[in-house]
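K.L.:
The structure's right below; bear with me while I get my questions together.
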Amino acid sequence: MIPRYRLNAPTALRFWTSGFTLVEVAVSLGIFAFAILALVGLLPSGMAAFKKSKIVSVQANILSQRLNEVNQTPFSSLIDSKLAHAITSLRFYNEEGLGVDFLIESKSADTLKPSDFPASAVYASSISIQEDLNFPASGTAVASDSVLKAVVMITDISSPGSAIKFPALISNLGK
């Protein structure tokens with residue numbers, strides 16, 4: 001005789017009730033959706049912080065390039081305005097901080113209009129060399145043959161009226 005297996009009522013109920021209930025599934029989906037919405041809400045502020053850090057990084061790169069140009073120029077050439085024009089002239093850069101070849105009449109980066117920028121340029125930079133140094137404690141001092149003040153101005157095409165100025169002291173290292 002072949003044994004027959006019969007499902008009795010408690011075994012059948014145990015089989016069907018071993019999964020999740022509809023309420024448990026709904027609650028877990030609600031918690032998951034709440035967490036995802038919170039993460040999606042952080043995206044705009046994260047993107048804004050990323051954009052700002054990229055701009056600051058590119059401006060630091062441009063500033064470094066321009067100050068390296070000034071530091072590699074003989075100090076006597078910086079004082080002579082005719083010789084210094086090659087260093088202090090207006091230069092344009094793309095969104096990565098790489099130079100864009102474009103000729104423009106001599107202007108300062110803080111006086112640019114959007115129409116002055118070439119198509120591929122995002123940033124403009126100019127340098128002004130000053131012999132008069134303004135020190136808070138002593139008023140105005142005239143630089144001798146040892147120190148000049150260089151102000152690097154960087155302008156973003158999205159806000160041409162607001163050039164950022166970075167002052168730096170250039171010393172005569174016997175060049």
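Letters A, B, ... go to the chains of the structure tokens in the order shown; residues in each chain start at 1; ligands are counted from 1 in the same order.
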Which neighbours of Val58 of chain A fall inside 8 Å, counting only C-alpha atoms, when residues of the same chain fewer than 3 positions from it are skipped, and could you give them as a ChimeraX atom specification?
P.N.:
/A:54-55,61-62,95-97
K.L.:
Mind writing the picked residues with N, CA and C atoms as a compact mmCIF listing (two decimals), in the first residue's frame?
P.N.:
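Output (part-v8.txt):
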```
# COMPACT_ATOMS: atom_id res chain seq x y z
N LYS A 54 34.39 73.61 -8.94
CA LYS A 54 35.04 73.57 -10.26
C LYS A 54 35.48 74.97 -10.67
N ILE A 55 34.63 75.96 -10.46
CA ILE A 55 34.98 77.35 -10.79
C ILE A 55 36.18 77.81 -9.99
N ASN A 61 43.84 77.73 -11.04
CA ASN A 61 44.74 77.32 -12.11
C ASN A 61 45.16 78.53 -12.96
N ILE A 62 44.20 79.38 -13.31
CA ILE A 62 44.50 80.58 -14.09
C ILE A 62 45.41 81.52 -13.30
N GLU A 95 36.63 76.67 -20.35
CA GLU A 95 36.04 76.22 -19.08
C GLU A 95 36.97 75.34 -18.26
N GLU A 96 38.04 74.84 -18.87
CA GLU A 96 39.01 74.01 -18.15
C GLU A 96 40.23 74.80 -17.69
N GLY A 97 40.28 76.10 -18.02
CA GLY A 97 41.40 76.92 -17.63
C GLY A 97 42.55 76.91 -18.62
```
K.L.:
As a PDB file with N, CA and C atoms, in the first residue's frame, please: the residues near Leu67 of chain A (cut-off 8 Å, only C-alpha atoms, same-chain neighbours under 4 positions excluded).
P.N.:
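Listed below is the output, result14.pdb:
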```
ATOM      1  N   LEU A  63      45.105  81.704 -12.036  1.00  0.00           N
ATOM      2  CA  LEU A  63      45.930  82.556 -11.181  1.00  0.00           C
ATOM      3  C   LEU A  63      47.360  82.034 -11.115  1.00  0.00           C
ATOM      4  N   ASN A  71      56.448  85.836 -12.443  1.00  0.00           N
ATOM      5  CA  ASN A  71      57.669  85.443 -11.737  1.00  0.00           C
ATOM      6  C   ASN A  71      58.797  85.065 -12.684  1.00  0.00           C
ATOM      7  N   VAL A 152      46.029  90.314 -10.144  1.00  0.00           N
ATOM      8  CA  VAL A 152      45.487  89.475 -11.213  1.00  0.00           C
ATOM      9  C   VAL A 152      43.973  89.544 -11.120  1.00  0.00           C
TER      10      VAL A 152
END
```
K.L.:
Counting only C-alpha atoms, what is within 9 Å of Ile154 of chain A, bar same-chain residues fewer than 5 positions away, as a list in words?
P.N.:
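My reading of the contact set: Gln59, Ile62, Leu63, Ala109, Asp110, Tyr123, Ala124, Ser125, Ser126, Ile127, Ser162, Ala163, Ile164, Lys165 and Phe166 of chain A.
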K.L.:
May I ask for the distance between atom CA of Ser53 of chain A and atom CA of Leu90 of chain A, given in Å to one decimal place?
P.N.:
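Between atom CA of Ser53 of chain A and atom CA of Leu90 of chain A the gap is 24.3 Å.
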K.L.:
For Val122 of chain A, list every protein, DNA or RNA residue within 9 Å, evaluated using only C-alpha atoms, and leave out those in the same chain fewer than 3 positions away; present the list as a list in words.
P.N.:
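Returned residues: Phe92, Tyr93, Asn94, Glu95, Glu96, Gly97, Phe117, Pro118, Ala119, Thr155, Asp156, Ile157 and Ser158 of chain A.
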K.L.:
Got time to write the residues from that selection, N, CA and C atoms, as a tab-separated table (two decimals), in the first residue's frame?
P.N.:
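Just written: result.tsv:
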```
chain	number	residue	atom	x	y	z
A	92	PHE	N	42.42	85.07	-22.53
A	92	PHE	CA	41.17	84.35	-22.40
A	92	PHE	C	41.43	82.87	-22.16
A	93	TYR	N	40.50	82.22	-21.43
A	93	TYR	CA	40.64	80.82	-21.07
A	93	TYR	C	39.30	80.11	-21.27
A	94	ASN	N	39.37	78.81	-21.57
A	94	ASN	CA	38.14	78.03	-21.72
A	94	ASN	C	37.67	77.52	-20.36
A	95	GLU	N	36.63	76.67	-20.35
A	95	GLU	CA	36.04	76.22	-19.08
A	95	GLU	C	36.97	75.34	-18.26
A	96	GLU	N	38.04	74.84	-18.87
A	96	GLU	CA	39.01	74.01	-18.15
A	96	GLU	C	40.23	74.80	-17.69
A	97	GLY	N	40.28	76.10	-18.02
A	97	GLY	CA	41.40	76.92	-17.63
A	97	GLY	C	42.55	76.91	-18.62
A	117	PHE	N	33.99	88.61	-25.25
A	117	PHE	CA	34.56	87.27	-25.10
A	117	PHE	C	34.50	86.52	-26.43
A	118	PRO	N	35.56	85.80	-26.78
A	118	PRO	CA	35.46	84.91	-27.95
A	118	PRO	C	34.52	83.75	-27.65
A	119	ALA	N	34.10	83.04	-28.70
A	119	ALA	CA	33.08	82.01	-28.54
A	119	ALA	C	33.49	80.90	-27.59
A	155	THR	N	37.77	87.28	-14.71
A	155	THR	CA	36.36	87.53	-14.94
A	155	THR	C	35.72	86.30	-15.57
A	156	ASP	N	34.54	85.97	-15.09
A	156	ASP	CA	33.74	84.87	-15.65
A	156	ASP	C	32.75	85.47	-16.63
A	157	ILE	N	32.55	84.82	-17.78
A	157	ILE	CA	31.64	85.36	-18.79
A	157	ILE	C	30.21	85.44	-18.28
A	158	SER	N	29.84	84.57	-17.34
A	158	SER	CA	28.48	84.60	-16.82
A	158	SER	C	28.21	85.82	-15.95
```
K.L.:
Select, from A:Asn172, A:Ser115, A:Ser76, A:Gln65, the residue with the minimum atom-to-atom distance to Arg91 of chain A, counting only C-alpha atoms.
P.N.:
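For Arg91 of chain A, the nearest of the given residues is A:Gln65.
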K.L.:
Compile the contact shell of Leu169 of chain A as a compact mmCIF listing (two decimals) with C-alpha atoms, in the first residue's frame: residues with an atom at most 10 Å away, counting only C-alpha atoms, same-chain residues fewer than 4 positions apart removed.
P.N.:
```txt
# COMPACT_ATOMS: atom_id res chain seq x y z
CA LEU A 67 51.68 84.53 -11.49
CA ILE A 129 51.58 95.93 -12.01
CA GLN A 130 51.78 98.71 -9.40
CA LEU A 133 52.25 99.58 -2.20
CA VAL A 147 58.99 94.72 -4.42
CA LEU A 148 56.07 95.32 -6.78
CA LYS A 149 52.38 94.65 -6.39
CA ALA A 150 50.66 92.54 -9.06
CA VAL A 151 46.88 92.34 -9.15
```
K.L.:
Rank A:Val100, A:Thr88, A:Ile31, A:Gly41 by their smallest atom-to-atom distance to Arg66 of chain A, using only C-alpha atoms, and report the top residue only.
P.N.:
A:Thr88
K.L.:
Please return as a PyMOL selection string: the residues of segment 26-99 of chain A that backbone DSSP assigns to alpha helix (DSSP H).
P.N.:
chain A and resi 26-72+75-79+81-88
K.L.:
Please, what distance in Å, to one decimal, runs between atom CA of Ser159 of chain A and atom CA of Glu69 of chain A?
P.N.:
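Calculated distance between atom CA of Ser159 of chain A and atom CA of Glu69 of chain A is 25.6 Å.
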K.L.:
For the atom pair atom CA of Ser146 of chain A and atom CA of Ile170 of chain A, what is the interatomic distance in Å to one decimal place?
P.N.:
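Taking atom CA of Ser146 of chain A and atom CA of Ile170 of chain A, their separation equals 8.2 Å.
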